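To be precise, the following lines are model-v9.cif, and they hold mmCIF, N, CA and C atoms.
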data_coords
#
loop_
_atom_site.group_PDB
_atom_site.id
_atom_site.type_symbol
_atom_site.label_atom_id
_atom_site.label_comp_id
_atom_site.auth_asym_id
_atom_site.auth_seq_id
_atom_site.Cartn_x
_atom_site.Cartn_y
_atom_site.Cartn_z
ATOM 1 N N MET A 1212 123.787 110.171 95.515
ATOM 2 C CA MET A 1212 123.235 108.907 95.067
ATOM 3 C C MET A 1212 121.747 108.861 95.406
ATOM 4 N N SER A 1213 120.915 108.481 94.440
ATOM 5 C CA SER A 1213 119.481 108.412 94.693
ATOM 6 C C SER A 1213 119.110 107.044 95.249
ATOM 7 N N GLN A 1214 118.087 107.044 96.062
ATOM 8 C CA GLN A 1214 117.603 105.801 96.663
ATOM 9 C C GLN A 1214 116.781 105.033 95.638
ATOM 10 N N PRO A 1215 116.880 103.698 95.611
ATOM 11 C CA PRO A 1215 116.004 102.920 94.724
ATOM 12 C C PRO A 1215 114.558 103.071 95.199
ATOM 13 N N PRO A 1216 113.610 102.966 94.285
ATOM 14 C CA PRO A 1216 112.210 103.120 94.692
ATOM 15 C C PRO A 1216 111.792 101.979 95.620
ATOM 16 N N THR A 1217 110.808 102.266 96.447
ATOM 17 C CA THR A 1217 110.223 101.209 97.274
ATOM 18 C C THR A 1217 109.510 100.236 96.347
ATOM 19 N N PRO A 1218 109.213 99.025 96.806
ATOM 20 C CA PRO A 1218 108.463 98.101 95.942
ATOM 21 C C PRO A 1218 107.146 98.710 95.451
ATOM 22 N N ALA A 1219 106.417 99.385 96.344
ATOM 23 C CA ALA A 1219 105.151 100.016 95.929
ATOM 24 C C ALA A 1219 105.427 101.142 94.938
ATOM 25 N N GLY A 1220 106.509 101.887 95.141
ATOM 26 C CA GLY A 1220 106.875 102.953 94.216
ATOM 27 C C GLY A 1220 107.235 102.416 92.849
ATOM 28 N N PHE A 1221 107.972 101.310 92.817
ATOM 29 C CA PHE A 1221 108.312 100.670 91.539
ATOM 30 C C PHE A 1221 107.043 100.253 90.799
ATOM 31 N N LEU A 1222 106.129 99.587 91.506
ATOM 32 C CA LEU A 1222 104.895 99.104 90.865
ATOM 33 C C LEU A 1222 104.033 100.259 90.364
ATOM 34 N N SER A 1223 103.979 101.347 91.119
ATOM 35 C CA SER A 1223 103.192 102.508 90.712
ATOM 36 C C SER A 1223 103.760 103.160 89.457
ATOM 37 N N ALA A 1224 105.090 103.127 89.309
ATOM 38 C CA ALA A 1224 105.738 103.767 88.171
ATOM 39 C C ALA A 1224 105.836 102.853 86.944
ATOM 40 N N ALA A 1225 105.727 101.537 87.142
ATOM 41 C CA ALA A 1225 105.883 100.589 86.028
ATOM 42 C C ALA A 1225 104.698 100.681 85.067
ATOM 43 N N ALA A 1226 104.997 100.543 83.797
ATOM 44 C CA ALA A 1226 103.951 100.594 82.775
ATOM 45 C C ALA A 1226 103.140 99.300 82.778
ATOM 46 N N PRO A 1227 101.831 99.399 82.571
ATOM 47 C CA PRO A 1227 101.039 98.173 82.416
ATOM 48 C C PRO A 1227 101.637 97.324 81.295
ATOM 49 N N GLY A 1228 101.662 96.008 81.520
ATOM 50 C CA GLY A 1228 102.257 95.093 80.551
ATOM 51 C C GLY A 1228 103.675 94.690 80.912
ATOM 52 N N THR A 1229 104.293 95.408 81.856
ATOM 53 C CA THR A 1229 105.642 95.059 82.305
ATOM 54 C C THR A 1229 105.590 93.707 83.006
ATOM 55 N N ARG A 1230 106.538 92.827 82.699
ATOM 56 C CA ARG A 1230 106.599 91.519 83.368
ATOM 57 C C ARG A 1230 107.313 91.705 84.700
ATOM 58 N N VAL A 1231 106.659 91.311 85.769
ATOM 59 C CA VAL A 1231 107.165 91.555 87.116
ATOM 60 C C VAL A 1231 107.055 90.307 87.983
ATOM 61 N N VAL A 1232 107.821 90.325 89.057
ATOM 62 C CA VAL A 1232 107.616 89.370 90.140
ATOM 63 C C VAL A 1232 107.388 90.208 91.392
ATOM 64 N N VAL A 1233 106.337 89.863 92.134
ATOM 65 C CA VAL A 1233 105.960 90.597 93.337
ATOM 66 C C VAL A 1233 105.928 89.606 94.493
ATOM 67 N N ARG A 1234 106.725 89.884 95.525
ATOM 68 C CA ARG A 1234 106.701 89.054 96.741
ATOM 69 C C ARG A 1234 105.845 89.781 97.761
ATOM 70 N N TYR A 1235 104.898 89.033 98.344
ATOM 71 C CA TYR A 1235 104.000 89.670 99.304
ATOM 72 C C TYR A 1235 103.651 88.713 100.434
ATOM 73 N N ARG A 1236 103.186 89.325 101.525
ATOM 74 C CA ARG A 1236 102.848 88.563 102.723
ATOM 75 C C ARG A 1236 101.508 87.851 102.556
ATOM 76 N N ILE A 1237 101.464 86.609 103.054
ATOM 77 C CA ILE A 1237 100.217 85.860 103.183
ATOM 78 C C ILE A 1237 100.161 85.356 104.619
ATOM 79 N N GLU A 1238 99.084 84.713 104.985
ATOM 80 C CA GLU A 1238 98.886 84.286 106.366
ATOM 81 C C GLU A 1238 100.047 83.443 106.899
ATOM 82 N N ASP A 1239 100.559 82.517 106.096
ATOM 83 C CA ASP A 1239 101.603 81.602 106.560
ATOM 84 C C ASP A 1239 103.017 82.044 106.222
ATOM 85 N N GLY A 1240 103.210 83.236 105.675
ATOM 86 C CA GLY A 1240 104.565 83.671 105.330
ATOM 87 C C GLY A 1240 104.563 84.592 104.121
ATOM 88 N N LEU A 1241 105.289 84.171 103.075
ATOM 89 C CA LEU A 1241 105.420 84.971 101.857
ATOM 90 C C LEU A 1241 105.121 84.119 100.634
ATOM 91 N N THR A 1242 104.696 84.771 99.561
ATOM 92 C CA THR A 1242 104.504 84.099 98.284
ATOM 93 C C THR A 1242 104.833 85.082 97.178
ATOM 94 N N ASP A 1243 104.964 84.585 95.961
ATOM 95 C CA ASP A 1243 105.300 85.419 94.815
ATOM 96 C C ASP A 1243 104.205 85.340 93.766
ATOM 97 N N ALA A 1244 104.037 86.452 93.050
ATOM 98 C CA ALA A 1244 103.185 86.489 91.858
ATOM 99 C C ALA A 1244 104.089 86.874 90.703
ATOM 100 N N LEU A 1245 104.152 86.029 89.675
ATOM 101 C CA LEU A 1245 104.975 86.270 88.498
ATOM 102 C C LEU A 1245 104.055 86.418 87.305
ATOM 103 N N GLY A 1246 104.164 87.549 86.621
ATOM 104 C CA GLY A 1246 103.317 87.765 85.454
ATOM 105 C C GLY A 1246 103.419 89.194 84.973
ATOM 106 N N HIS A 1247 102.395 89.623 84.255
ATOM 107 C CA HIS A 1247 102.385 90.971 83.690
ATOM 108 C C HIS A 1247 101.533 91.896 84.553
ATOM 109 N N LEU A 1248 102.079 93.076 84.813
ATOM 110 C CA LEU A 1248 101.359 94.075 85.585
ATOM 111 C C LEU A 1248 100.161 94.561 84.769
ATOM 112 N N VAL A 1249 98.982 94.443 85.349
ATOM 113 C CA VAL A 1249 97.759 94.896 84.686
ATOM 114 C C VAL A 1249 97.483 96.345 85.082
ATOM 115 N N SER A 1250 97.567 96.618 86.385
ATOM 116 C CA SER A 1250 97.299 97.968 86.876
ATOM 117 C C SER A 1250 97.873 98.133 88.274
ATOM 118 N N CYS A 1251 98.000 99.396 88.686
ATOM 119 C CA CYS A 1251 98.436 99.693 90.041
ATOM 120 C C CYS A 1251 97.862 101.045 90.425
ATOM 121 N N ASP A 1252 97.243 101.114 91.599
ATOM 122 C CA ASP A 1252 96.743 102.388 92.104
ATOM 123 C C ASP A 1252 97.287 102.581 93.512
ATOM 124 N N ALA A 1253 96.749 103.518 94.249
ATOM 125 C CA ALA A 1253 97.275 103.832 95.571
ATOM 126 C C ALA A 1253 97.113 102.689 96.572
ATOM 127 N N GLY A 1254 96.194 101.768 96.305
ATOM 128 C CA GLY A 1254 95.933 100.725 97.291
ATOM 129 C C GLY A 1254 96.348 99.323 96.912
ATOM 130 N N ALA A 1255 96.414 99.009 95.608
ATOM 131 C CA ALA A 1255 96.673 97.627 95.199
ATOM 132 C C ALA A 1255 97.226 97.587 93.782
ATOM 133 N N CYS A 1256 97.871 96.451 93.472
ATOM 134 C CA CYS A 1256 98.294 96.205 92.100
ATOM 135 C C CYS A 1256 97.683 94.882 91.652
ATOM 136 N N THR A 1257 97.533 94.740 90.346
ATOM 137 C CA THR A 1257 96.994 93.508 89.775
ATOM 138 C C THR A 1257 98.040 92.928 88.841
ATOM 139 N N VAL A 1258 98.378 91.646 89.062
ATOM 140 C CA VAL A 1258 99.356 90.942 88.240
ATOM 141 C C VAL A 1258 98.638 89.786 87.557
ATOM 142 N N ARG A 1259 98.765 89.706 86.226
ATOM 143 C CA ARG A 1259 98.145 88.622 85.460
ATOM 144 C C ARG A 1259 99.143 87.470 85.390
ATOM 145 N N THR A 1260 98.899 86.419 86.177
ATOM 146 C CA THR A 1260 99.749 85.229 86.171
ATOM 147 C C THR A 1260 99.198 84.241 85.156
ATOM 148 N N ARG A 1261 99.847 83.088 85.017
ATOM 149 C CA ARG A 1261 99.338 82.058 84.088
ATOM 150 C C ARG A 1261 97.976 81.546 84.511
ATOM 151 N N ARG A 1262 97.707 81.550 85.800
ATOM 152 C CA ARG A 1262 96.457 80.988 86.312
ATOM 153 C C ARG A 1262 95.311 81.980 86.403
ATOM 154 N N ALA A 1263 95.614 83.206 86.843
ATOM 155 C CA ALA A 1263 94.540 84.181 87.082
ATOM 156 C C ALA A 1263 95.142 85.553 87.352
ATOM 157 N N ASP A 1264 94.284 86.559 87.385
ATOM 158 C CA ASP A 1264 94.705 87.879 87.836
ATOM 159 C C ASP A 1264 94.769 87.854 89.355
ATOM 160 N N VAL A 1265 95.873 88.354 89.914
ATOM 161 C CA VAL A 1265 96.064 88.389 91.359
ATOM 162 C C VAL A 1265 96.074 89.852 91.793
ATOM 163 N N VAL A 1266 95.166 90.205 92.692
ATOM 164 C CA VAL A 1266 95.109 91.563 93.228
ATOM 165 C C VAL A 1266 95.843 91.560 94.564
ATOM 166 N N ILE A 1267 96.872 92.397 94.658
ATOM 167 C CA ILE A 1267 97.739 92.401 95.834
ATOM 168 C C ILE A 1267 97.683 93.779 96.494
ATOM 169 N N PRO A 1268 97.198 93.854 97.740
ATOM 170 C CA PRO A 1268 97.241 95.128 98.454
ATOM 171 C C PRO A 1268 98.702 95.579 98.614
ATOM 172 N N LEU A 1269 98.980 96.845 98.319
ATOM 173 C CA LEU A 1269 100.366 97.319 98.348
ATOM 174 C C LEU A 1269 100.989 97.235 99.737
ATOM 175 N N TYR A 1270 100.194 97.318 100.797
ATOM 176 C CA TYR A 1270 100.771 97.242 102.138
ATOM 177 C C TYR A 1270 101.325 95.847 102.444
ATOM 178 N N LEU A 1271 100.967 94.836 101.654
ATOM 179 C CA LEU A 1271 101.483 93.479 101.851
ATOM 180 C C LEU A 1271 102.747 93.206 101.031
ATOM 181 N N VAL A 1272 103.082 94.077 100.078
ATOM 182 C CA VAL A 1272 104.221 93.862 99.183
ATOM 183 C C VAL A 1272 105.524 94.115 99.931
ATOM 184 N N VAL A 1273 106.450 93.154 99.851
ATOM 185 C CA VAL A 1273 107.770 93.318 100.478
ATOM 186 C C VAL A 1273 108.872 93.488 99.443
ATOM 187 N N ALA A 1274 108.656 93.065 98.202
ATOM 188 C CA ALA A 1274 109.653 93.217 97.136
ATOM 189 C C ALA A 1274 108.949 93.135 95.791
ATOM 190 N N ALA A 1275 109.518 93.835 94.804
ATOM 191 C CA ALA A 1275 108.973 93.783 93.445
ATOM 192 C C ALA A 1275 110.065 94.207 92.483
ATOM 193 N N LYS A 1276 110.115 93.536 91.330
ATOM 194 C CA LYS A 1276 111.085 93.937 90.313
ATOM 195 C C LYS A 1276 110.608 93.480 88.944
ATOM 196 N N GLN A 1277 111.204 94.114 87.928
ATOM 197 C CA GLN A 1277 110.937 93.715 86.546
ATOM 198 C C GLN A 1277 111.752 92.472 86.251
ATOM 199 N N VAL A 1278 111.190 91.572 85.468
ATOM 200 C CA VAL A 1278 111.890 90.351 85.076
ATOM 201 C C VAL A 1278 111.854 90.227 83.556
ATOM 202 N N PRO A 1279 112.820 89.495 82.971
ATOM 203 C CA PRO A 1279 112.840 89.339 81.518
ATOM 204 C C PRO A 1279 111.679 88.493 81.016
ATOM 205 N N PRO A 1280 111.425 88.542 79.711
ATOM 206 C CA PRO A 1280 110.345 87.726 79.137
ATOM 207 C C PRO A 1280 110.556 86.243 79.432
ATOM 208 N N ALA A 1281 109.462 85.518 79.497
ATOM 209 C CA ALA A 1281 109.533 84.076 79.722
ATOM 210 C C ALA A 1281 110.250 83.421 78.546
ATOM 211 N N PRO A 1282 111.022 82.370 78.806
ATOM 212 C CA PRO A 1282 111.672 81.673 77.693
ATOM 213 C C PRO A 1282 110.631 80.992 76.803
ATOM 214 N N GLU A 1283 110.979 80.810 75.562
ATOM 215 C CA GLU A 1283 110.087 80.114 74.624
ATOM 216 C C GLU A 1283 109.877 78.693 75.106
ATOM 217 N N ARG A 1284 108.655 78.212 74.979
ATOM 218 C CA ARG A 1284 108.379 76.807 75.315
ATOM 219 C C ARG A 1284 108.955 75.929 74.217
ATOM 220 N N ARG A 1285 109.630 74.886 74.627
ATOM 221 C CA ARG A 1285 110.208 73.968 73.632
ATOM 222 C C ARG A 1285 109.162 72.967 73.187
ATOM 223 N N ARG A 1286 109.222 72.657 71.913
ATOM 224 C CA ARG A 1286 108.318 71.629 71.380
ATOM 225 C C ARG A 1286 108.825 70.255 71.813
ATOM 226 N N PRO A 1287 107.925 69.331 72.021
ATOM 227 C CA PRO A 1287 108.367 67.977 72.352
ATOM 228 C C PRO A 1287 109.156 67.386 71.181
ATOM 229 N N ALA A 1288 110.129 66.579 71.527
ATOM 230 C CA ALA A 1288 110.948 65.936 70.488
ATOM 231 C C ALA A 1288 110.096 64.958 69.688
ATOM 232 N N ALA A 1289 110.352 64.895 68.390
ATOM 233 C CA ALA A 1289 109.619 63.956 67.540
ATOM 234 C C ALA A 1289 110.029 62.533 67.888
ATOM 235 N N PRO A 1290 109.073 61.585 67.885
ATOM 236 C CA PRO A 1290 109.413 60.192 68.243
ATOM 237 C C PRO A 1290 110.262 59.496 67.213
#

Could you express the structure from this file as structure tokens?
Amino acid sequence: MSQPPTPAGFLSAAAPGTRVVVRYRIEDGLTDALGHLVSCDAGACTVRTRRADVVIPLYLVVAAKQVPPAPERRRPAAP
């Protein structure tokens, strides 16, 4: 049985444009970045969220996985 890749290994192998969620350490605990992987190198990955591109040092990553596409936004009901 093969071992699953480490979170950093998964991010390094994932194709740019893959929709991912990355959990990483911050000063007060943990947070998540949900969006599309822009790039990943030996030191950091960049995730394009709805708000901005987030650059995450790989040594802070504790979990990462691919997620399905975002659901379609529903139109407001007509009055």

Next on the checklist: Env of Val1265 of chain A: 10 Å cut, atoms = only C-alpha atoms, seq-sep filter 6 positions within chain, self excluded. Answer as a ChimeraX atom specification.
Outcome noted: /A:1244-1246,1248-1249,1256-1259

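Every residue of chain A found in alpha helix (DSSP H) when DSSP is run on the backbone appears here: A:Pro1218, A:Ala1219, A:Gly1220, A:Phe1221, A:Leu1222, A:Ser1223, A:Ala1224.
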
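Atom CA of Pro1280 of chain A sits 18.0 Å away from atom CA of Arg1234 of chain A.
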
Given 8 Å on each side, where is the centre and what are the edge lengths in Å to one decimal of the axis-aligned box enclosing the listed atoms of segment 1269-1285 of chain A, as JSON?
{"center_x": 105.9, "center_y": 85.1, "center_z": 87.8, "size_x": 29.9, "size_y": 40.4, "size_z": 45.3}

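Counting only C-alpha atoms, the residue from A:Ile1237, A:Leu1271, A:Ala1263, A:Val1278 that sits nearest to Ala1225 of chain A is A:Val1278.
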
Checklist entry - Between A:Val1273, A:Cys1251, A:Ala1281, A:Ile1267, which is the closest to Pro1227 of chain A once you count only C-alpha atoms? => result A:Cys1251

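Nearest residue to Val1272 of chain A, choosing from A:Arg1236, A:Pro1287, A:Thr1217, A:Ser1250 and counting only N, CA and C atoms: A:Arg1236.
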
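Using all atoms listed in the file for every distance, the candidate list A:Arg1284, A:Gly1254, A:Gln1277, A:Tyr1270 yields A:Gln1277 as the residue closest to Val1231 of chain A.
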
Next on the checklist: For the structure I just gave you, how does DSSP split chain A - specifically, which residues are strand (DSSP E or B)? Reply as JSON, numbers by chain.
Outcome noted: {"A": [1230, 1231, 1232, 1233, 1234, 1235, 1236, 1237, 1240, 1241, 1242, 1243, 1244, 1245, 1246, 1247, 1248, 1249, 1250, 1251, 1255, 1256, 1257, 1258, 1259, 1264, 1265, 1266, 1267, 1268, 1272, 1273, 1274, 1275, 1276, 1277]}

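Here, the PyMOL selection byres ((chain A and resi 1219) around 7) matches Pro1216, Thr1217, Pro1218, Gly1220, Phe1221, Leu1222, Ser1223, Ala1224, Leu1269, Val1272, Ala1274 and Ala1275 of chain A.
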
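Among A:Val1266, A:His1247, A:Pro1282, A:Lys1276, the residue with the shortest atom-to-atom distance to Val1232 of chain A, counting all atoms listed in the file, is A:Lys1276.
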
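Our summary of the geometry notes that atom CA of Ala1255 of chain A is positioned 14.7 Å from atom CA of Ala1226 of chain A.
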
Checklist entry - For the atom pair atom N of Val1233 of chain A and atom CA of Ser1213 of chain A, what is the interatomic distance in Å to one decimal place? => result 22.9 Å

Next on the checklist: Ranking A:Pro1268, A:Thr1260, A:Ala1288, A:Pro1279 by minimum distance to Tyr1235 of chain A and counting only N, CA and C atoms, which one comes first?
Outcome noted: A:Pro1268

Starting from the sparse input, extend segment 1261-1286 of chain A to N, CA, C and O atoms and give the output as a PDB file, in the frame of the given file.
ATOM      1  N   ARG A1261      99.847  83.088  85.017  1.00  0.00           N
ATOM      2  CA  ARG A1261      99.338  82.058  84.088  1.00  0.00           C
ATOM      3  C   ARG A1261      97.976  81.546  84.511  1.00  0.00           C
ATOM      4  O   ARG A1261      97.186  81.111  83.693  1.00  0.00           O
ATOM      5  N   ARG A1262      97.707  81.550  85.800  1.00  0.00           N
ATOM      6  CA  ARG A1262      96.457  80.988  86.312  1.00  0.00           C
ATOM      7  C   ARG A1262      95.311  81.980  86.403  1.00  0.00           C
ATOM      8  O   ARG A1262      94.171  81.636  86.138  1.00  0.00           O
ATOM      9  N   ALA A1263      95.614  83.206  86.843  1.00  0.00           N
ATOM     10  CA  ALA A1263      94.540  84.181  87.082  1.00  0.00           C
ATOM     11  C   ALA A1263      95.142  85.553  87.352  1.00  0.00           C
ATOM     12  O   ALA A1263      96.347  85.680  87.554  1.00  0.00           O
ATOM     13  N   ASP A1264      94.284  86.559  87.385  1.00  0.00           N
ATOM     14  CA  ASP A1264      94.705  87.879  87.836  1.00  0.00           C
ATOM     15  C   ASP A1264      94.769  87.854  89.355  1.00  0.00           C
ATOM     16  O   ASP A1264      93.828  87.388  90.010  1.00  0.00           O
ATOM     17  N   VAL A1265      95.873  88.354  89.914  1.00  0.00           N
ATOM     18  CA  VAL A1265      96.064  88.389  91.359  1.00  0.00           C
ATOM     19  C   VAL A1265      96.074  89.852  91.793  1.00  0.00           C
ATOM     20  O   VAL A1265      96.881  90.635  91.295  1.00  0.00           O
ATOM     21  N   VAL A1266      95.166  90.205  92.692  1.00  0.00           N
ATOM     22  CA  VAL A1266      95.109  91.563  93.228  1.00  0.00           C
ATOM     23  C   VAL A1266      95.843  91.560  94.564  1.00  0.00           C
ATOM     24  O   VAL A1266      95.495  90.799  95.470  1.00  0.00           O
ATOM     25  N   ILE A1267      96.872  92.397  94.658  1.00  0.00           N
ATOM     26  CA  ILE A1267      97.739  92.401  95.834  1.00  0.00           C
ATOM     27  C   ILE A1267      97.683  93.779  96.494  1.00  0.00           C
ATOM     28  O   ILE A1267      98.083  94.773  95.878  1.00  0.00           O
ATOM     29  N   PRO A1268      97.198  93.854  97.740  1.00  0.00           N
ATOM     30  CA  PRO A1268      97.241  95.128  98.454  1.00  0.00           C
ATOM     31  C   PRO A1268      98.702  95.579  98.614  1.00  0.00           C
ATOM     32  O   PRO A1268      99.572  94.783  98.989  1.00  0.00           O
ATOM     33  N   LEU A1269      98.980  96.845  98.319  1.00  0.00           N
ATOM     34  CA  LEU A1269     100.366  97.319  98.348  1.00  0.00           C
ATOM     35  C   LEU A1269     100.989  97.235  99.737  1.00  0.00           C
ATOM     36  O   LEU A1269     102.199  97.044  99.858  1.00  0.00           O
ATOM     37  N   TYR A1270     100.194  97.318 100.797  1.00  0.00           N
ATOM     38  CA  TYR A1270     100.771  97.242 102.138  1.00  0.00           C
ATOM     39  C   TYR A1270     101.325  95.847 102.444  1.00  0.00           C
ATOM     40  O   TYR A1270     102.118  95.686 103.377  1.00  0.00           O
ATOM     41  N   LEU A1271     100.967  94.836 101.654  1.00  0.00           N
ATOM     42  CA  LEU A1271     101.483  93.479 101.851  1.00  0.00           C
ATOM     43  C   LEU A1271     102.747  93.206 101.031  1.00  0.00           C
ATOM     44  O   LEU A1271     103.428  92.208 101.259  1.00  0.00           O
ATOM     45  N   VAL A1272     103.082  94.077 100.078  1.00  0.00           N
ATOM     46  CA  VAL A1272     104.221  93.862  99.183  1.00  0.00           C
ATOM     47  C   VAL A1272     105.524  94.115  99.931  1.00  0.00           C
ATOM     48  O   VAL A1272     105.695  95.155 100.575  1.00  0.00           O
ATOM     49  N   VAL A1273     106.450  93.154  99.851  1.00  0.00           N
ATOM     50  CA  VAL A1273     107.770  93.318 100.478  1.00  0.00           C
ATOM     51  C   VAL A1273     108.872  93.488  99.443  1.00  0.00           C
ATOM     52  O   VAL A1273     109.945  94.011  99.764  1.00  0.00           O
ATOM     53  N   ALA A1274     108.656  93.065  98.202  1.00  0.00           N
ATOM     54  CA  ALA A1274     109.653  93.217  97.136  1.00  0.00           C
ATOM     55  C   ALA A1274     108.949  93.135  95.791  1.00  0.00           C
ATOM     56  O   ALA A1274     107.929  92.461  95.651  1.00  0.00           O
ATOM     57  N   ALA A1275     109.518  93.835  94.804  1.00  0.00           N
ATOM     58  CA  ALA A1275     108.973  93.783  93.445  1.00  0.00           C
ATOM     59  C   ALA A1275     110.065  94.207  92.483  1.00  0.00           C
ATOM     60  O   ALA A1275     110.859  95.095  92.790  1.00  0.00           O
ATOM     61  N   LYS A1276     110.115  93.536  91.330  1.00  0.00           N
ATOM     62  CA  LYS A1276     111.085  93.937  90.313  1.00  0.00           C
ATOM     63  C   LYS A1276     110.608  93.480  88.944  1.00  0.00           C
ATOM     64  O   LYS A1276     109.767  92.597  88.819  1.00  0.00           O
ATOM     65  N   GLN A1277     111.204  94.114  87.928  1.00  0.00           N
ATOM     66  CA  GLN A1277     110.937  93.715  86.546  1.00  0.00           C
ATOM     67  C   GLN A1277     111.752  92.472  86.251  1.00  0.00           C
ATOM     68  O   GLN A1277     112.874  92.319  86.743  1.00  0.00           O
ATOM     69  N   VAL A1278     111.190  91.572  85.468  1.00  0.00           N
ATOM     70  CA  VAL A1278     111.890  90.351  85.076  1.00  0.00           C
ATOM     71  C   VAL A1278     111.854  90.227  83.556  1.00  0.00           C
ATOM     72  O   VAL A1278     110.962  90.776  82.902  1.00  0.00           O
ATOM     73  N   PRO A1279     112.820  89.495  82.971  1.00  0.00           N
ATOM     74  CA  PRO A1279     112.840  89.339  81.518  1.00  0.00           C
ATOM     75  C   PRO A1279     111.679  88.493  81.016  1.00  0.00           C
ATOM     76  O   PRO A1279     111.034  87.784  81.794  1.00  0.00           O
ATOM     77  N   PRO A1280     111.425  88.542  79.711  1.00  0.00           N
ATOM     78  CA  PRO A1280     110.345  87.726  79.137  1.00  0.00           C
ATOM     79  C   PRO A1280     110.556  86.243  79.432  1.00  0.00           C
ATOM     80  O   PRO A1280     111.690  85.788  79.593  1.00  0.00           O
ATOM     81  N   ALA A1281     109.462  85.518  79.497  1.00  0.00           N
ATOM     82  CA  ALA A1281     109.533  84.076  79.722  1.00  0.00           C
ATOM     83  C   ALA A1281     110.250  83.421  78.546  1.00  0.00           C
ATOM     84  O   ALA A1281     110.097  83.858  77.404  1.00  0.00           O
ATOM     85  N   PRO A1282     111.022  82.370  78.806  1.00  0.00           N
ATOM     86  CA  PRO A1282     111.672  81.673  77.693  1.00  0.00           C
ATOM     87  C   PRO A1282     110.631  80.992  76.803  1.00  0.00           C
ATOM     88  O   PRO A1282     109.535  80.666  77.258  1.00  0.00           O
ATOM     89  N   GLU A1283     110.979  80.810  75.562  1.00  0.00           N
ATOM     90  CA  GLU A1283     110.087  80.114  74.624  1.00  0.00           C
ATOM     91  C   GLU A1283     109.877  78.693  75.106  1.00  0.00           C
ATOM     92  O   GLU A1283     110.809  78.044  75.580  1.00  0.00           O
ATOM     93  N   ARG A1284     108.655  78.212  74.979  1.00  0.00           N
ATOM     94  CA  ARG A1284     108.379  76.807  75.315  1.00  0.00           C
ATOM     95  C   ARG A1284     108.955  75.929  74.217  1.00  0.00           C
ATOM     96  O   ARG A1284     108.775  76.203  73.034  1.00  0.00           O
ATOM     97  N   ARG A1285     109.630  74.886  74.627  1.00  0.00           N
ATOM     98  CA  ARG A1285     110.208  73.968  73.632  1.00  0.00           C
ATOM     99  C   ARG A1285     109.162  72.967  73.187  1.00  0.00           C
ATOM    100  O   ARG A1285     108.350  72.498  73.959  1.00  0.00           O
ATOM    101  N   ARG A1286     109.222  72.657  71.913  1.00  0.00           N
ATOM    102  CA  ARG A1286     108.318  71.629  71.380  1.00  0.00           C
ATOM    103  C   ARG A1286     108.825  70.255  71.813  1.00  0.00           C
ATOM    104  O   ARG A1286     110.027  70.035  71.910  1.00  0.00           O
TER     105      ARG A1286
END
